Amino acid sequence: MPPQKRATRRSPTPPRVVFAEEETGSDDSSSTSGGEEEEEEEEEVVGGDAVTVGEDINGGKSIHEAPVSIKITRRVCKVCKGTGHEAGFRGATYIDCPKKPCFLCKLPGHTTMTCPHRVAMEHGVVPAPRRHSRTPLDYVFERQLRPEIPKIKPAFVVPDQVDCAIIKFHSRRITCLEFHPTKNNVVLSGDKIKILFDIPCFFLLDSKKGQLGIWDYGMLHEKIVYRSIHSCILNNMKFNPVNEDTLFTSSSDGTICCTDLETGIPSILMDLNPDGWHGPANWVMLYGMDTNIERGLVLVADNFGHLYLVDARTRMRSGQSILVHKKGTKVVGLHCNPVHPDLLLSCGNDHFARIWDLRRLEAGSCLESLAHGRVVNSAYFSPLTGTKILTTSQDNRIRVWDSIFGNLERPSREVVHSHDFNRHLTPFKAEWDPKDPSESLVVIGRYISENYNGVALHPIDFIDMSTGQLVAEVMESNITTISPVNKLHPRDDILATGSSRSIFIWRPKEASKPEEEQQGKRFKAFTCGKNEKKSKGKFDDESDDDFGDFIRNSKRSRALKSERKPTQAKQSKSRT
DNA sequence: ATATGATGATACC
DNA sequence: TGGTATCCCTCATA
């Protein structure tokens with residue numbers, strides 16, 4: 001029906017009517033939530049009196065002579081701009097645009113609501129192919145390493161309850177987390193572990209500084225922030241393997257720093273922008289980093305595809321930089337094999353992960369190139385034997401290669417999992433559980449949300465990569481932000497999560513206590529940074545509120561408010 | 001309540 | 001090959 005007719009019906013003695021048609025993306029679909037279909041077109045009379053579109057309403061000398069303006073807003077899908085449907089949140093449930101490929105598995109024909117991977121993560125997981133060829137190294141592996149691997153797979157321990165948290169610790173999102181390599185053993189309390197993480201800052205050169213935060217979560221209030229280690233976002237950190245009181249960090253300012261954790265005084269190991277800013281084509285940014293204790297090296301990679309080796313002691317570059325990924329593309333990850341020190345794994349924006357031999361390192365000399373559908377966010381050797389490879393790619397798949405000595409043409413398994421790239425989020429990285437003797441348990445945050453009792457939450461997933469099964473999805477109703485950074489403790493059953501600017505420490509639920517008691521348990525949370533701008537240089541005294549101000553303005557409160565029907569407590573979640 | 005903005009990969013010319 | 005328009009479940013703040 002043409003809109004004119006309906007408009008005329010509304011005003012029997014019509015003044016001059018001007019139509020202003022406007023397409024709205026309806027960003028806030030939660031305000032119209034409730035499940036009832038909205039009318040596709042809405043009409044509203046702008047102002048009570050007659051006005052003309054385009055005329056200055058306020059300046060209106062002629063306000064009484066002006067005709068009525070009717071604004072017609074045609075509701076269009078904000079994703080595809082089509083009509084007849086709308087993408088966005090309805091309460092805590094996200095409705096996908098049906099015209100786009102599935103947001104989870106990227107295949108057309110269905111949405112995430114009906115995607116088979118959403119129901120069962122292991123759907124479509126290809127079993128590991130049987131290997132027909134064996135190399136001498138395979139026999140070495142069987143004889144020397146296999147006996148150390150227990151035959152019976154132990155039950156996975158999942159830290160699924162928040163123990164403590166620092167809210168808004170950093171001024172920008174967290175990019176990485178690291179546990180202290182030994183501190184929990186050295187200190188007698190047995191509880192004294194340090195967490196180091198960093199924050200990015202803006203990419204502007206003389207703007208804010210890359211920060212380094214240290215938190216002793218055994219002593220909840222003890223935390224330090226070092227603010228002037230880098231001038232740009234801090235991308236990576238590694239403890240110095242020969243001196244654990246010092247830490248290496250790499251940054252988009254093009255430097256590697258070695259920082260003394262007691263004093264916070266950094267010393268520059270390498271500076272790739274010694275002459276300052278000469279345009280984006282010349283500014284080097286460092287992303288991937290790892291240490292090689294056997295060779296005394298720090299390895300870093302830049303945004304132009306190059307790898308650099310630096311002698312940690314003499315601070316001299318070891319040889320020239322080597323092109324390890326497509327020229328001009330970012331190398332985002334480096335990992336040295338924990339068992340075979342000469343093997344290096346790199347990954348980058350050219351959609352490849354590559355295995356290198358440090359003894360024969362030159363452009364194009366990689367041992368293997370592992371192809372991916374999109375950018376590879378991370379690539380890690382398995383932590384105990386170093387024989388498996390785990391990668392996270394922006395094509396929403398986690399891949400595992402079961403043996404670096406086998407056929408690497410195809411991954412042994414691919415698991416579809418939602419961890420899309422979003423420029424506002426730290427890229428997701430699937431991380432091994434360093435304590436799992438079977439080297440199959442992996443932790444990674446989830447991008448898409450699930451409706452849990454009327455609250456949209458983004459769980460942290462524990463996946464058994466040997467089967468593709470989702471072992472656990474961990475969430476907390478107060479954490480409504482996405483948690484892209486996750487690290488499992490090397491010795492304890494502890495998970496550290498970086499979500500936006502906050503850090504959470506998770507421990508397993510106590511098996512002896514009843515479930516209800518544990519659910520009701522509140523954890524200690526400390527807020528930081530509320531008044532950070534007012535008192536530069538150090539943190540304010542923290543208030544001991546559990547989560548009060550964290551909940552405010554959160555998606556949770558929005559979801560709860562907009563929920564038209566009363567929340568059905570037993571509804572649990574939409575996923576079955 | 002709603003608007004705004006920070007900013008990386010990619011597709012396409 | 002380079003420049004730019006586009007982006008889809010962000011998040012915090014004004």
# chains A, B, ... in the order shown; residues from 1 in each chain; ligands from 1

$ interface_residues --of "chain A" --to "chain B" --cutoff "8 Å" --atoms "only C-alpha atoms (C1' of nucleotides)" --output "PyMOL selection string"
chain A and resi 422-424

$ select_by_dssp --residues "stretch 278-441 of chain A" --states "strand (DSSP E or B)" --output "ChimeraX atom specification"
/A:286-292,297-302,306-311,317,322-323,331-336,343-348,352-357,368-371,376-381,389-393,397-401,413-416,431-432,441

$ closest_atom_pairs --of "chain C" --to "chain A" --cutoff "7 Å" --atoms "only C-alpha atoms (C1' of nucleotides)" --output "Markdown table"
| residue | atom | partner | partner_atom | distance |
| --- | --- | --- | --- | --- |
| C:DC8 | C1' | A:Val79 | CA | 6.3 |
| C:DC9 | C1' | A:Ile448 | CA | 5.2 |
| C:DT10 | C1' | A:His424 | CA | 6.1 |

$ closest_residue --among "A:Cys77, A:Ile166, A:Val310, A:Met465" --to "A:Ile398" --atoms "only C-alpha atoms"
A:Met465

$ atom_distance --atom1 "atom CA of A:His123" --atom2 "atom CA of A:Val471"
14.2 Å

$ residues_around --residues "stretch 314-318 of chain A" --least-positions-apart "6" --cutoff "9 Å" --atoms "only C-alpha atoms (C1' of nucleotides)" --output "VMD selection string"
chain A and resid 268 to 270 297 308

$ write_last_selection --atoms "all heavy atoms" --output "PDB file, in the first residue's frame"
ATOM      1  N   ILE A 268      66.255  -1.173  26.564  1.00  0.00           N
ATOM      2  CA  ILE A 268      65.886  -1.530  25.199  1.00  0.00           C
ATOM      3  C   ILE A 268      66.867  -2.538  24.627  1.00  0.00           C
ATOM      4  O   ILE A 268      68.075  -2.338  24.637  1.00  0.00           O
ATOM      5  CB  ILE A 268      65.833  -0.257  24.320  1.00  0.00           C
ATOM      6  CG1 ILE A 268      64.658   0.615  24.779  1.00  0.00           C
ATOM      7  CG2 ILE A 268      65.659  -0.620  22.859  1.00  0.00           C
ATOM      8  CD1 ILE A 268      64.545   1.924  24.054  1.00  0.00           C
ATOM      9  N   LEU A 269      66.289  -3.628  24.156  1.00  0.00           N
ATOM     10  CA  LEU A 269      67.093  -4.693  23.557  1.00  0.00           C
ATOM     11  C   LEU A 269      67.312  -4.406  22.076  1.00  0.00           C
ATOM     12  O   LEU A 269      68.361  -4.701  21.517  1.00  0.00           O
ATOM     13  CB  LEU A 269      66.323  -6.005  23.704  1.00  0.00           C
ATOM     14  CG  LEU A 269      67.094  -7.250  24.054  1.00  0.00           C
ATOM     15  CD1 LEU A 269      67.715  -7.076  25.423  1.00  0.00           C
ATOM     16  CD2 LEU A 269      66.153  -8.451  24.070  1.00  0.00           C
ATOM     17  N   MET A 270      66.283  -3.881  21.469  1.00  0.00           N
ATOM     18  CA  MET A 270      66.384  -3.566  20.051  1.00  0.00           C
ATOM     19  C   MET A 270      65.363  -2.482  19.739  1.00  0.00           C
ATOM     20  O   MET A 270      64.253  -2.498  20.270  1.00  0.00           O
ATOM     21  CB  MET A 270      66.080  -4.813  19.209  1.00  0.00           C
ATOM     22  CG  MET A 270      66.172  -4.571  17.716  1.00  0.00           C
ATOM     23  SD  MET A 270      66.041  -6.082  16.752  1.00  0.00           S
ATOM     24  CE  MET A 270      64.297  -6.419  16.858  1.00  0.00           C
ATOM     25  N   LEU A 297      68.500 -16.625  22.596  1.00  0.00           N
ATOM     26  CA  LEU A 297      67.950 -15.671  21.635  1.00  0.00           C
ATOM     27  C   LEU A 297      66.586 -15.153  22.065  1.00  0.00           C
ATOM     28  O   LEU A 297      65.831 -15.846  22.745  1.00  0.00           O
ATOM     29  CB  LEU A 297      67.777 -16.346  20.272  1.00  0.00           C
ATOM     30  CG  LEU A 297      69.018 -16.688  19.465  1.00  0.00           C
ATOM     31  CD1 LEU A 297      68.597 -17.417  18.194  1.00  0.00           C
ATOM     32  CD2 LEU A 297      69.789 -15.418  19.104  1.00  0.00           C
ATOM     33  N   TYR A 308      63.387 -11.380  13.259  1.00  0.00           N
ATOM     34  CA  TYR A 308      64.665 -10.879  13.773  1.00  0.00           C
ATOM     35  C   TYR A 308      65.116 -11.767  14.917  1.00  0.00           C
ATOM     36  O   TYR A 308      64.307 -12.174  15.750  1.00  0.00           O
ATOM     37  CB  TYR A 308      64.537  -9.451  14.307  1.00  0.00           C
ATOM     38  CG  TYR A 308      63.974  -8.459  13.334  1.00  0.00           C
ATOM     39  CD1 TYR A 308      62.596  -8.367  13.128  1.00  0.00           C
ATOM     40  CD2 TYR A 308      64.812  -7.592  12.621  1.00  0.00           C
ATOM     41  CE1 TYR A 308      62.064  -7.448  12.243  1.00  0.00           C
ATOM     42  CE2 TYR A 308      64.279  -6.665  11.741  1.00  0.00           C
ATOM     43  CZ  TYR A 308      62.904  -6.603  11.549  1.00  0.00           C
ATOM     44  OH  TYR A 308      62.386  -5.685  10.679  1.00  0.00           O
TER      45      TYR A 308
END

$ atom_distance --atom1 "atom CA of A:Met237" --atom2 "atom CA of A:Cys257"
9.4 Å

$ closest_residue --among "A:Leu334, A:Leu343, A:Ile444, A:Ile460" --to "A:Ile404" --atoms "only C-alpha atoms"
A:Leu343

$ residues_around --residues "A:Phe428" --least-positions-apart "3" --cutoff "12 Å" --atoms "only C-alpha atoms (C1' of nucleotides)" --output "PDB file with N, CA and C atoms, in the first residue's frame"
ATOM      1  N   ILE A 174      42.957  -5.538  27.372  1.00  0.00           N
ATOM      2  CA  ILE A 174      44.108  -6.386  27.682  1.00  0.00           C
ATOM      3  C   ILE A 174      44.524  -7.146  26.432  1.00  0.00           C
ATOM      4  N   THR A 175      45.822  -7.217  26.195  1.00  0.00           N
ATOM      5  CA  THR A 175      46.294  -7.939  25.010  1.00  0.00           C
ATOM      6  C   THR A 175      46.936  -9.269  25.351  1.00  0.00           C
ATOM      7  N   CYS A 176      47.549  -9.402  26.521  1.00  0.00           N
ATOM      8  CA  CYS A 176      48.141 -10.693  26.856  1.00  0.00           C
ATOM      9  C   CYS A 176      48.268 -10.873  28.361  1.00  0.00           C
ATOM     10  N   VAL A 332      52.118 -12.447  13.186  1.00  0.00           N
ATOM     11  CA  VAL A 332      51.513 -12.206  14.491  1.00  0.00           C
ATOM     12  C   VAL A 332      51.976 -13.155  15.583  1.00  0.00           C
ATOM     13  N   VAL A 375      43.433 -15.212   8.123  1.00  0.00           N
ATOM     14  CA  VAL A 375      44.563 -14.849   8.974  1.00  0.00           C
ATOM     15  C   VAL A 375      44.699 -15.850  10.131  1.00  0.00           C
ATOM     16  N   VAL A 376      45.927 -16.202  10.440  1.00  0.00           N
ATOM     17  CA  VAL A 376      46.192 -17.119  11.550  1.00  0.00           C
ATOM     18  C   VAL A 376      46.562 -16.293  12.781  1.00  0.00           C
ATOM     19  N   ASN A 377      45.690 -16.314  13.779  1.00  0.00           N
ATOM     20  CA  ASN A 377      45.921 -15.515  14.985  1.00  0.00           C
ATOM     21  C   ASN A 377      47.031 -16.071  15.858  1.00  0.00           C
ATOM     22  N   SER A 378      47.140 -17.396  15.886  1.00  0.00           N
ATOM     23  CA  SER A 378      48.156 -17.991  16.748  1.00  0.00           C
ATOM     24  C   SER A 378      48.478 -19.382  16.247  1.00  0.00           C
ATOM     25  N   ALA A 379      49.694 -19.823  16.529  1.00  0.00           N
ATOM     26  CA  ALA A 379      50.122 -21.182  16.216  1.00  0.00           C
ATOM     27  C   ALA A 379      51.073 -21.611  17.323  1.00  0.00           C
ATOM     28  N   THR A 391      46.374 -24.241  15.923  1.00  0.00           N
ATOM     29  CA  THR A 391      46.272 -22.896  15.339  1.00  0.00           C
ATOM     30  C   THR A 391      44.854 -22.354  15.488  1.00  0.00           C
ATOM     31  N   THR A 392      44.770 -21.051  15.572  1.00  0.00           N
ATOM     32  CA  THR A 392      43.490 -20.346  15.595  1.00  0.00           C
ATOM     33  C   THR A 392      43.458 -19.431  14.389  1.00  0.00           C
ATOM     34  N   SER A 393      42.444 -19.580  13.575  1.00  0.00           N
ATOM     35  CA  SER A 393      42.371 -18.775  12.359  1.00  0.00           C
ATOM     36  C   SER A 393      41.079 -17.979  12.332  1.00  0.00           C
ATOM     37  N   GLN A 394      41.121 -16.872  11.619  1.00  0.00           N
ATOM     38  CA  GLN A 394      39.955 -16.005  11.560  1.00  0.00           C
ATOM     39  C   GLN A 394      38.846 -16.558  10.675  1.00  0.00           C
ATOM     40  N   ASP A 395      39.040 -17.754  10.127  1.00  0.00           N
ATOM     41  CA  ASP A 395      37.936 -18.406   9.417  1.00  0.00           C
ATOM     42  C   ASP A 395      37.050 -19.186  10.389  1.00  0.00           C
ATOM     43  N   ASN A 396      37.161 -18.871  11.674  1.00  0.00           N
ATOM     44  CA  ASN A 396      36.338 -19.501  12.715  1.00  0.00           C
ATOM     45  C   ASN A 396      36.612 -20.989  12.849  1.00  0.00           C
ATOM     46  N   ARG A 397      37.857 -21.372  12.679  1.00  0.00           N
ATOM     47  CA  ARG A 397      38.219 -22.769  12.892  1.00  0.00           C
ATOM     48  C   ARG A 397      39.488 -22.885  13.723  1.00  0.00           C
ATOM     49  N   ILE A 398      39.455 -23.845  14.640  1.00  0.00           N
ATOM     50  CA  ILE A 398      40.650 -24.207  15.395  1.00  0.00           C
ATOM     51  C   ILE A 398      41.161 -25.499  14.774  1.00  0.00           C
ATOM     52  N   HIS A 417      34.423 -22.962  15.495  1.00  0.00           N
ATOM     53  CA  HIS A 417      34.232 -22.292  16.784  1.00  0.00           C
ATOM     54  C   HIS A 417      34.175 -20.795  16.535  1.00  0.00           C
ATOM     55  N   SER A 418      33.281 -20.101  17.238  1.00  0.00           N
ATOM     56  CA  SER A 418      33.085 -18.681  16.966  1.00  0.00           C
ATOM     57  C   SER A 418      34.161 -17.829  17.638  1.00  0.00           C
ATOM     58  N   HIS A 419      35.070 -17.345  16.835  1.00  0.00           N
ATOM     59  CA  HIS A 419      36.078 -16.413  17.372  1.00  0.00           C
ATOM     60  C   HIS A 419      36.453 -15.407  16.286  1.00  0.00           C
ATOM     61  N   ASP A 420      35.431 -14.862  15.671  1.00  0.00           N
ATOM     62  CA  ASP A 420      35.609 -13.898  14.587  1.00  0.00           C
ATOM     63  C   ASP A 420      36.561 -12.771  14.933  1.00  0.00           C
ATOM     64  N   PHE A 421      37.153 -12.246  13.906  1.00  0.00           N
ATOM     65  CA  PHE A 421      37.958 -11.035  14.079  1.00  0.00           C
ATOM     66  C   PHE A 421      37.035  -9.838  14.266  1.00  0.00           C
ATOM     67  N   ASN A 422      37.398  -8.991  15.184  1.00  0.00           N
ATOM     68  CA  ASN A 422      36.724  -7.713  15.359  1.00  0.00           C
ATOM     69  C   ASN A 422      37.796  -6.701  15.715  1.00  0.00           C
ATOM     70  N   ARG A 423      37.833  -5.637  14.964  1.00  0.00           N
ATOM     71  CA  ARG A 423      38.956  -4.699  15.127  1.00  0.00           C
ATOM     72  C   ARG A 423      39.025  -4.115  16.522  1.00  0.00           C
ATOM     73  N   HIS A 424      37.923  -4.163  17.264  1.00  0.00           N
ATOM     74  CA  HIS A 424      37.914  -3.588  18.607  1.00  0.00           C
ATOM     75  C   HIS A 424      38.308  -4.586  19.688  1.00  0.00           C
ATOM     76  N   LEU A 425      38.516  -5.818  19.294  1.00  0.00           N
ATOM     77  CA  LEU A 425      38.847  -6.850  20.274  1.00  0.00           C
ATOM     78  C   LEU A 425      40.256  -7.354  20.044  1.00  0.00           C
ATOM     79  N   GLU A 431      44.556 -21.691  23.424  1.00  0.00           N
ATOM     80  CA  GLU A 431      45.767 -21.984  24.206  1.00  0.00           C
ATOM     81  C   GLU A 431      45.692 -23.391  24.773  1.00  0.00           C
ATOM     82  N   VAL A 443      41.799 -24.037  25.624  1.00  0.00           N
ATOM     83  CA  VAL A 443      40.857 -23.021  26.103  1.00  0.00           C
ATOM     84  C   VAL A 443      40.835 -21.852  25.109  1.00  0.00           C
ATOM     85  N   ILE A 444      39.624 -21.360  24.867  1.00  0.00           N
ATOM     86  CA  ILE A 444      39.484 -20.198  23.974  1.00  0.00           C
ATOM     87  C   ILE A 444      38.160 -19.498  24.272  1.00  0.00           C
ATOM     88  N   GLY A 445      38.165 -18.186  24.229  1.00  0.00           N
ATOM     89  CA  GLY A 445      36.942 -17.424  24.447  1.00  0.00           C
ATOM     90  C   GLY A 445      36.018 -17.521  23.235  1.00  0.00           C
ATOM     91  N   ARG A 446      34.731 -17.293  23.465  1.00  0.00           N
ATOM     92  CA  ARG A 446      33.752 -17.393  22.385  1.00  0.00           C
ATOM     93  C   ARG A 446      33.224 -16.007  22.028  1.00  0.00           C
ATOM     94  N   TYR A 447      33.088 -15.770  20.737  1.00  0.00           N
ATOM     95  CA  TYR A 447      32.612 -14.469  20.265  1.00  0.00           C
ATOM     96  C   TYR A 447      31.093 -14.343  20.368  1.00  0.00           C
ATOM     97  N   ILE A 460      33.650 -18.928  27.988  1.00  0.00           N
ATOM     98  CA  ILE A 460      35.005 -19.356  27.660  1.00  0.00           C
ATOM     99  C   ILE A 460      34.935 -20.864  27.469  1.00  0.00           C
ATOM    100  N   ASP A 461      35.381 -21.321  26.319  1.00  0.00           N
ATOM    101  CA  ASP A 461      35.191 -22.722  25.970  1.00  0.00           C
ATOM    102  C   ASP A 461      36.437 -23.553  26.248  1.00  0.00           C
ATOM    103  N   ILE A 482      33.189  -9.855  26.127  1.00  0.00           N
ATOM    104  CA  ILE A 482      33.865 -10.970  25.483  1.00  0.00           C
ATOM    105  C   ILE A 482      35.244 -11.145  26.108  1.00  0.00           C
ATOM    106  N   SER A 483      35.676 -12.396  26.238  1.00  0.00           N
ATOM    107  CA  SER A 483      36.964 -12.698  26.889  1.00  0.00           C
ATOM    108  C   SER A 483      37.935 -13.317  25.892  1.00  0.00           C
ATOM    109  N   PRO A 484      38.620 -12.494  25.126  1.00  0.00           N
ATOM    110  CA  PRO A 484      39.482 -13.069  24.099  1.00  0.00           C
ATOM    111  C   PRO A 484      40.816 -13.587  24.631  1.00  0.00           C
ATOM    112  N   VAL A 485      41.239 -13.133  25.813  1.00  0.00           N
ATOM    113  CA  VAL A 485      42.560 -13.513  26.321  1.00  0.00           C
ATOM    114  C   VAL A 485      42.400 -14.494  27.480  1.00  0.00           C
ATOM    115  N   ASN A 486      42.929 -15.678  27.315  1.00  0.00           N
ATOM    116  CA  ASN A 486      42.817 -16.692  28.357  1.00  0.00           C
ATOM    117  C   ASN A 486      44.133 -17.431  28.497  1.00  0.00           C
ATOM    118  N   LYS A 487      44.504 -17.678  29.754  1.00  0.00           N
ATOM    119  CA  LYS A 487      45.758 -18.397  29.991  1.00  0.00           C
ATOM    120  C   LYS A 487      45.552 -19.359  31.150  1.00  0.00           C
ATOM    121  N   THR A 497      41.736 -14.789  32.917  1.00  0.00           N
ATOM    122  CA  THR A 497      40.990 -14.284  31.762  1.00  0.00           C
ATOM    123  C   THR A 497      41.151 -12.779  31.661  1.00  0.00           C
ATOM    124  N   GLY A 498      41.443 -12.328  30.489  1.00  0.00           N
ATOM    125  CA  GLY A 498      41.443 -10.899  30.213  1.00  0.00           C
ATOM    126  C   GLY A 498      40.228 -10.563  29.379  1.00  0.00           C
ATOM    127  N   SER A 499      39.335  -9.749  29.938  1.00  0.00           N
ATOM    128  CA  SER A 499      38.103  -9.401  29.246  1.00  0.00           C
ATOM    129  C   SER A 499      37.970  -7.893  29.266  1.00  0.00           C
TER     130      SER A 499
END

$ atom_distance --atom1 "atom CA of A:Gly254" --atom2 "atom CA of A:Ile503"
26.5 Å
